file structure_7.cif (mmCIF, C-alpha atoms)
data_run
loop_
_atom_site.label_atom_id
_atom_site.label_comp_id
_atom_site.auth_asym_id
_atom_site.auth_seq_id
_atom_site.Cartn_x
_atom_site.Cartn_y
_atom_site.Cartn_z
CA MET G 167 24.28 -52.72 40.78
CA VAL G 168 22.25 -49.63 40.00
CA ASP G 169 23.32 -46.40 41.67
CA GLU G 170 20.07 -44.99 43.07
CA ASN G 171 21.52 -41.48 42.92
CA ASN G 172 21.75 -41.70 39.13
CA VAL G 173 18.18 -42.87 38.52
CA TYR G 174 15.90 -40.35 36.89
CA MET G 175 12.71 -39.97 34.94
CA LYS G 176 11.67 -37.29 32.49
CA THR G 177 8.48 -35.43 33.35
CA TYR G 178 5.75 -34.02 31.14
CA LEU G 179 7.39 -30.58 31.33
CA GLY G 180 10.76 -32.09 30.42
CA ARG G 181 12.35 -32.05 33.87
CA LYS G 182 14.71 -34.75 35.06
CA LEU G 183 13.66 -36.04 38.46
CA ASN G 184 15.09 -38.78 40.65
CA PRO G 185 11.99 -40.53 42.07
CA LEU G 186 14.09 -42.15 44.80
CA HIS G 187 15.52 -38.82 45.98
CA PRO G 188 13.17 -36.06 44.79
CA LYS G 189 14.11 -32.46 45.41
CA ASP G 190 11.44 -29.89 46.14
CA GLU G 191 12.43 -27.80 43.13
CA ASP G 192 11.95 -30.77 40.78
CA ILE G 193 8.33 -31.30 41.83
CA ASN G 194 5.93 -29.30 39.68
CA ILE G 195 2.17 -28.97 40.04
CA GLU G 196 1.64 -28.95 36.26
CA ASP G 197 3.44 -32.30 35.96
CA ILE G 198 1.30 -33.67 38.79
CA ALA G 199 -2.04 -32.43 37.42
CA HIS G 200 -1.24 -33.64 33.92
CA ALA G 201 -0.11 -37.13 34.92
CA LEU G 202 -2.89 -37.75 37.44
CA SER G 203 -5.53 -36.82 34.87
CA TYR G 204 -4.20 -39.65 32.65
CA ILE G 205 -3.80 -42.37 35.30
CA CYS G 206 -6.84 -44.60 35.81
CA ARG G 207 -7.95 -45.56 39.32
CA GLY G 208 -7.86 -49.20 40.32
CA ASN G 209 -5.25 -50.11 37.73
CA GLY G 210 -7.97 -49.69 35.08
CA GLN G 211 -10.13 -52.42 36.61
CA VAL G 212 -13.22 -50.18 36.71
CA THR G 213 -16.42 -49.94 34.67
CA HIS G 214 -15.27 -46.73 32.97
CA PHE G 215 -12.21 -44.49 33.00
CA TYR G 216 -12.00 -42.58 36.26
CA SER G 217 -8.71 -40.82 36.80
CA VAL G 218 -6.61 -40.47 39.92
CA GLY G 219 -6.80 -36.73 39.28
CA GLN G 220 -10.59 -36.80 39.44
CA HIS G 221 -10.38 -38.90 42.62
CA CYS G 222 -8.11 -36.25 44.16
CA ILE G 223 -10.50 -33.49 43.13
CA ASN G 224 -13.33 -35.44 44.79
CA ALA G 225 -11.18 -35.78 47.93
CA ALA G 226 -10.56 -32.02 48.05
CA LYS G 227 -14.24 -31.23 47.49
CA GLU G 228 -15.24 -33.69 50.21
CA ALA G 229 -12.79 -32.01 52.59
CA VAL G 230 -14.44 -28.66 51.81
CA ALA G 231 -17.92 -30.17 52.33
CA ARG G 232 -16.82 -31.57 55.71
CA GLY G 233 -15.66 -28.11 56.77
CA GLU G 234 -12.00 -29.08 56.97
CA SER G 235 -9.22 -26.50 57.01
CA ASP G 236 -7.66 -25.16 53.83
CA ARG G 237 -4.57 -27.23 54.70
CA VAL G 238 -6.59 -30.47 54.78
CA VAL G 239 -8.30 -29.51 51.51
CA LEU G 240 -4.94 -28.97 49.80
CA ALA G 241 -3.46 -32.14 51.35
CA SER G 242 -6.50 -34.07 50.12
CA LEU G 243 -5.94 -32.76 46.60
CA LEU G 244 -2.25 -33.73 46.77
CA HIS G 245 -2.56 -37.04 48.66
CA ASP G 246 -1.86 -39.18 45.55
CA ALA G 247 0.63 -36.77 43.93
CA SER G 248 3.48 -39.28 44.25
CA GLU G 249 1.58 -41.45 41.74
CA ALA G 250 2.26 -38.80 39.09
CA TYR G 251 5.90 -39.82 39.34
CA MET G 252 5.73 -43.43 40.57
CA SER G 253 2.49 -44.67 39.04
CA ASP G 254 -0.04 -46.47 41.21
CA VAL G 255 0.12 -49.81 42.92
CA ILE G 256 -3.22 -51.11 44.17
CA ARG G 257 -3.64 -51.46 47.95
CA PRO G 258 -3.86 -55.28 48.03
CA ILE G 259 -0.36 -55.47 46.52
CA LYS G 260 1.17 -52.37 48.11
CA GLN G 261 0.95 -53.93 51.57
CA PHE G 262 3.47 -56.55 50.42
CA LEU G 263 5.91 -53.99 49.05
CA PRO G 264 7.34 -52.23 52.11
CA LYS G 265 10.21 -50.60 50.17
CA TYR G 266 7.77 -49.22 47.59
CA LYS G 267 5.60 -47.85 50.42
CA GLU G 268 8.66 -46.25 52.01
CA ILE G 269 9.64 -44.59 48.71
CA GLU G 270 6.05 -43.46 48.12
CA ASP G 271 5.73 -42.01 51.63
CA ASN G 272 9.03 -40.16 51.23
CA PHE G 273 7.91 -38.78 47.87
CA LEU G 274 4.59 -37.59 49.30
CA GLU G 275 6.43 -35.87 52.16
CA ARG G 276 8.56 -34.08 49.54
CA VAL G 277 5.39 -33.03 47.69
CA TYR G 278 3.85 -31.71 50.90
CA SER G 279 7.09 -29.88 51.68
CA ARG G 280 7.21 -28.36 48.20
CA PHE G 281 3.75 -26.90 48.60
CA GLY G 282 3.96 -25.71 52.21
CA LEU G 283 2.38 -28.66 53.99
CA ASP G 284 5.51 -30.23 55.50
CA ASP G 285 4.14 -29.63 58.99
CA LEU G 286 0.85 -31.52 58.61
CA SER G 287 -0.21 -32.86 61.98
CA GLU G 288 -1.10 -36.51 62.55
CA GLU G 289 -4.71 -35.39 63.01
CA GLU G 290 -4.71 -33.62 59.62
CA LYS G 291 -3.18 -36.72 57.99
CA LYS G 292 -5.90 -38.89 59.58
CA LYS G 293 -8.59 -36.65 58.11
CA VAL G 294 -7.07 -36.98 54.62
CA LYS G 295 -6.82 -40.76 55.02
CA SER G 296 -10.44 -41.00 56.21
CA ILE G 297 -11.63 -39.14 53.12
CA ASP G 298 -9.45 -41.33 50.88
CA ASP G 299 -10.74 -44.51 52.55
CA ASP G 300 -14.35 -43.42 52.12
CA LEU G 301 -13.71 -42.65 48.45
CA LEU G 302 -12.10 -46.07 47.96
CA ALA G 303 -15.19 -47.78 49.41
CA TYR G 304 -17.39 -45.65 47.16
CA ASP G 305 -15.25 -46.55 44.12
CA MET G 306 -15.48 -50.25 44.93
CA CYS G 307 -19.27 -50.10 45.17
CA GLU G 308 -20.01 -47.72 42.31
CA LEU G 309 -17.29 -48.67 39.83
CA LEU G 310 -16.90 -52.38 40.57
CA GLY G 311 -20.29 -53.48 41.89
CA GLU G 312 -18.93 -54.53 45.30
CA ASP G 313 -21.34 -54.79 48.19
CA MET G 314 -21.47 -51.86 50.57
CA PRO G 315 -18.91 -52.45 53.34
CA GLU G 316 -20.42 -53.09 56.76
CA GLU G 317 -19.09 -49.79 58.04
CA GLY G 318 -20.31 -48.09 54.87
CA TYR G 319 -18.83 -44.86 53.69
CA ARG G 320 -19.72 -41.38 54.72
CA PHE G 321 -19.97 -38.39 52.45
CA VAL G 322 -21.28 -34.90 52.77
CA ARG G 323 -21.36 -34.62 48.98
CA THR G 324 -21.70 -37.35 46.39
CA PRO G 325 -18.45 -37.87 44.47
CA ASP G 326 -18.60 -37.20 40.73
CA ILE G 327 -17.33 -40.39 39.08
CA GLU G 328 -18.64 -39.72 35.58
CA PHE G 329 -15.99 -39.71 32.88
CA LYS G 330 -14.42 -36.30 32.32
CA PRO G 331 -11.96 -35.47 29.54
CA PHE G 332 -8.33 -35.44 30.64
CA GLU G 333 -7.91 -31.73 29.90
CA GLU G 334 -10.91 -30.80 32.07
CA VAL G 335 -9.58 -32.82 35.00
CA GLU G 336 -6.13 -31.29 34.65
CA LYS G 337 -7.58 -27.76 34.47
CA GLU G 338 -9.85 -28.25 37.50
CA TYR G 339 -7.02 -29.81 39.51
CA LEU G 340 -4.81 -26.79 38.81
CA GLU G 341 -7.64 -24.35 39.64
CA ILE G 342 -8.29 -25.96 43.01
CA PHE G 343 -4.57 -26.06 43.74
CA ALA G 344 -4.15 -22.36 42.88
CA GLU G 345 -7.13 -21.37 45.03
CA TYR G 346 -5.91 -23.21 48.12
CA GLN G 347 -2.27 -22.19 47.68
CA ARG G 348 -3.50 -18.58 47.56
CA ARG G 349 -5.58 -19.07 50.72
CA LEU G 350 -2.63 -20.50 52.63
CA LYS G 351 -0.32 -17.57 51.90
#
call {"tool": "encode", "arguments": {"input": "structure_7.cif", "output": "structure tokens"}}
result
Amino acid sequence: MVDENNVYMKTYLGRKLNPLHPKDEDINIEDIAHALSYICRGNGQVTHFYSVGQHCINAAKEAVARGESDRVVLASLLHDASEAYMSDVIRPIKQFLPKYKEIEDNFLERVYSRFGLDDLSEEEKKKVKSIDDDLLAYDMCELLGEDMPEEGYRFVRTPDIEFKPFEEVEKEYLEIFAEYQRRLK
């Protein structure tokens, strides 16, 4: 039997982190930005490399374009941050993994807490999810050739899904994070 309190991973910056019981002080934005810039959306089943980091940047920029609060912009940027530590499981499978979803949700709550968003309202969370859902539909159509869903997707700005070098994505992610952390202080 594995003791879940003694499970850990090593991060890009060399930290030891227990992904089952993350502590705020172990969560680092540089680790998040770096990892998300290297993780491909859709488990790599896309026409070209498009990172989770770039997806999160698109989510934050869409939140800005929709006139959402700085809190929703930052939450949109961070909404997949748990994947930097847990990797990604595609939605069709995730729905059959309730324990994984529980761990992921807990991790995201820790990320939000770490960066001052532990009091996100249900309405703010719905706005982030709506943006994420619209981006998923866009990804499916533009990166996989799926038909437009009946309900379509709505954007104020067109997401940039062109390949960007990992370093550029990481740098832009960190710049957006710094800007919105500054605004919230």
call {"tool": "resolve_selection", "arguments": {"input": "structure_7.cif", "expression": "the PyMOL selection byres ((chain G and resi 184) around 9)", "output": "mmCIF file with C-alpha atoms, in the coordinates of the input"}}
result
data_model
loop_
_atom_site.group_PDB
_atom_site.id
_atom_site.type_symbol
_atom_site.label_atom_id
_atom_site.label_comp_id
_atom_site.auth_asym_id
_atom_site.auth_seq_id
_atom_site.Cartn_x
_atom_site.Cartn_y
_atom_site.Cartn_z
ATOM 1 C CA GLU G 170 20.070 -44.990 43.070
ATOM 2 C CA ASN G 171 21.520 -41.480 42.920
ATOM 3 C CA ASN G 172 21.750 -41.700 39.130
ATOM 4 C CA VAL G 173 18.180 -42.870 38.520
ATOM 5 C CA TYR G 174 15.900 -40.350 36.890
ATOM 6 C CA MET G 175 12.710 -39.970 34.940
ATOM 7 C CA LYS G 176 11.670 -37.290 32.490
ATOM 8 C CA LYS G 182 14.710 -34.750 35.060
ATOM 9 C CA LEU G 183 13.660 -36.040 38.460
ATOM 10 C CA PRO G 185 11.990 -40.530 42.070
ATOM 11 C CA LEU G 186 14.090 -42.150 44.800
ATOM 12 C CA HIS G 187 15.520 -38.820 45.980
ATOM 13 C CA PRO G 188 13.170 -36.060 44.790
ATOM 14 C CA LYS G 189 14.110 -32.460 45.410
ATOM 15 C CA ASP G 192 11.950 -30.770 40.780
#
call {"tool": "residues_around", "arguments": {"input": "structure_7.cif", "residues": "Leu309 in chain G", "least_positions_apart": "2", "cutoff": "8 Å", "atoms": "all atoms listed in the file", "output": "NGL selection string"}}
result
:G and (212-214 or 304-307 or 311)
call {"tool": "atom_distance", "arguments": {"input": "structure_7.cif", "atom1": "CA of Ala247 in chain G", "atom2": "CA of Leu286 in chain G"}}
result
15.6 Å
call {"tool": "closest_residue", "arguments": {"input": "structure_7.cif", "among": "G:Glu249, G:Phe321, G:Leu244, G:Tyr204", "to": "Arg280 in chain G", "atoms": "all atoms listed in the file"}}
result
G:Leu244
call {"tool": "residues_around", "arguments": {"input": "structure_7.cif", "residues": "His245 in chain G", "least_positions_apart": "6", "cutoff": "9 Å", "atoms": "all atoms listed in the file", "output": "PyMOL selection string"}}
result
chain G and resi 222+225+274+277-278+294-295+298
call {"tool": "resolve_selection", "arguments": {"input": "structure_7.cif", "expression": "the PyMOL selection byres ((chain G and resi 229) around 10)", "output": "number ranges by chain"}}
result
G: 223-228, 230-243, 293-294, 296-297, 321-323
call {"tool": "atom_distance", "arguments": {"input": "structure_7.cif", "atom1": "CA of Asp300 in chain G", "atom2": "CA of Glu333 in chain G"}}
result
25.9 Å
call {"tool": "build_atoms", "arguments": {"input": "structure_7.cif", "residues": "range 306-328 of chain G", "atoms": "N, CA and C atoms", "output": "PDB file, in the frame of the given file"}}
result
ATOM      1  N   MET G 306     -15.273 -48.798  44.990  1.00  0.00           N
ATOM      2  CA  MET G 306     -15.480 -50.250  44.930  1.00  0.00           C
ATOM      3  C   MET G 306     -16.954 -50.575  44.687  1.00  0.00           C
ATOM      4  N   CYS G 307     -17.832 -49.849  45.333  1.00  0.00           N
ATOM      5  CA  CYS G 307     -19.270 -50.100  45.170  1.00  0.00           C
ATOM      6  C   CYS G 307     -19.785 -49.593  43.819  1.00  0.00           C
ATOM      7  N   GLU G 308     -19.441 -48.375  43.489  1.00  0.00           N
ATOM      8  CA  GLU G 308     -20.010 -47.720  42.310  1.00  0.00           C
ATOM      9  C   GLU G 308     -19.321 -48.084  40.996  1.00  0.00           C
ATOM     10  N   LEU G 309     -18.031 -48.391  41.051  1.00  0.00           N
ATOM     11  CA  LEU G 309     -17.290 -48.670  39.830  1.00  0.00           C
ATOM     12  C   LEU G 309     -16.977 -50.155  39.637  1.00  0.00           C
ATOM     13  N   LEU G 310     -17.211 -50.959  40.668  1.00  0.00           N
ATOM     14  CA  LEU G 310     -16.900 -52.380  40.570  1.00  0.00           C
ATOM     15  C   LEU G 310     -18.039 -53.284  41.036  1.00  0.00           C
ATOM     16  N   GLY G 311     -19.135 -52.684  41.480  1.00  0.00           N
ATOM     17  CA  GLY G 311     -20.290 -53.480  41.890  1.00  0.00           C
ATOM     18  C   GLY G 311     -20.097 -54.264  43.180  1.00  0.00           C
ATOM     19  N   GLU G 312     -19.131 -53.870  44.005  1.00  0.00           N
ATOM     20  CA  GLU G 312     -18.930 -54.530  45.300  1.00  0.00           C
ATOM     21  C   GLU G 312     -20.096 -54.195  46.230  1.00  0.00           C
ATOM     22  N   ASP G 313     -20.329 -55.067  47.168  1.00  0.00           N
ATOM     23  CA  ASP G 313     -21.340 -54.790  48.190  1.00  0.00           C
ATOM     24  C   ASP G 313     -20.844 -53.657  49.085  1.00  0.00           C
ATOM     25  N   MET G 314     -21.798 -52.932  49.624  1.00  0.00           N
ATOM     26  CA  MET G 314     -21.470 -51.860  50.570  1.00  0.00           C
ATOM     27  C   MET G 314     -20.741 -52.466  51.761  1.00  0.00           C
ATOM     28  N   PRO G 315     -19.593 -51.919  52.156  1.00  0.00           N
ATOM     29  CA  PRO G 315     -18.910 -52.450  53.340  1.00  0.00           C
ATOM     30  C   PRO G 315     -19.791 -52.271  54.581  1.00  0.00           C
ATOM     31  N   GLU G 316     -19.598 -53.144  55.549  1.00  0.00           N
ATOM     32  CA  GLU G 316     -20.420 -53.090  56.760  1.00  0.00           C
ATOM     33  C   GLU G 316     -20.392 -51.716  57.408  1.00  0.00           C
ATOM     34  N   GLU G 317     -19.208 -51.119  57.450  1.00  0.00           N
ATOM     35  CA  GLU G 317     -19.090 -49.790  58.040  1.00  0.00           C
ATOM     36  C   GLU G 317     -19.524 -48.692  57.090  1.00  0.00           C
ATOM     37  N   GLY G 318     -19.832 -49.064  55.856  1.00  0.00           N
ATOM     38  CA  GLY G 318     -20.310 -48.090  54.870  1.00  0.00           C
ATOM     39  C   GLY G 318     -19.257 -47.060  54.534  1.00  0.00           C
ATOM     40  N   TYR G 319     -19.688 -45.999  53.928  1.00  0.00           N
ATOM     41  CA  TYR G 319     -18.830 -44.860  53.690  1.00  0.00           C
ATOM     42  C   TYR G 319     -19.654 -43.630  53.968  1.00  0.00           C
ATOM     43  N   ARG G 320     -18.997 -42.590  54.339  1.00  0.00           N
ATOM     44  CA  ARG G 320     -19.720 -41.380  54.720  1.00  0.00           C
ATOM     45  C   ARG G 320     -19.288 -40.235  53.844  1.00  0.00           C
ATOM     46  N   PHE G 321     -20.262 -39.555  53.277  1.00  0.00           N
ATOM     47  CA  PHE G 321     -19.970 -38.390  52.450  1.00  0.00           C
ATOM     48  C   PHE G 321     -20.943 -37.279  52.762  1.00  0.00           C
ATOM     49  N   VAL G 322     -20.433 -36.077  52.671  1.00  0.00           N
ATOM     50  CA  VAL G 322     -21.280 -34.900  52.770  1.00  0.00           C
ATOM     51  C   VAL G 322     -21.788 -34.556  51.374  1.00  0.00           C
ATOM     52  N   ARG G 323     -20.970 -34.839  50.378  1.00  0.00           N
ATOM     53  CA  ARG G 323     -21.360 -34.620  48.980  1.00  0.00           C
ATOM     54  C   ARG G 323     -21.109 -35.907  48.207  1.00  0.00           C
ATOM     55  N   THR G 324     -21.884 -36.147  47.198  1.00  0.00           N
ATOM     56  CA  THR G 324     -21.700 -37.350  46.390  1.00  0.00           C
ATOM     57  C   THR G 324     -20.564 -37.130  45.401  1.00  0.00           C
ATOM     58  N   PRO G 325     -19.566 -38.025  45.405  1.00  0.00           N
ATOM     59  CA  PRO G 325     -18.450 -37.870  44.470  1.00  0.00           C
ATOM     60  C   PRO G 325     -18.922 -37.961  43.011  1.00  0.00           C
ATOM     61  N   ASP G 326     -18.299 -37.169  42.166  1.00  0.00           N
ATOM     62  CA  ASP G 326     -18.600 -37.200  40.730  1.00  0.00           C
ATOM     63  C   ASP G 326     -17.643 -38.192  40.084  1.00  0.00           C
ATOM     64  N   ILE G 327     -18.175 -39.350  39.686  1.00  0.00           N
ATOM     65  CA  ILE G 327     -17.330 -40.390  39.080  1.00  0.00           C
ATOM     66  C   ILE G 327     -17.606 -40.558  37.589  1.00  0.00           C
ATOM     67  N   GLU G 328     -18.390 -39.666  37.013  1.00  0.00           N
ATOM     68  CA  GLU G 328     -18.640 -39.720  35.580  1.00  0.00           C
ATOM     69  C   GLU G 328     -17.347 -39.391  34.831  1.00  0.00           C
TER      70      GLU G 328
END
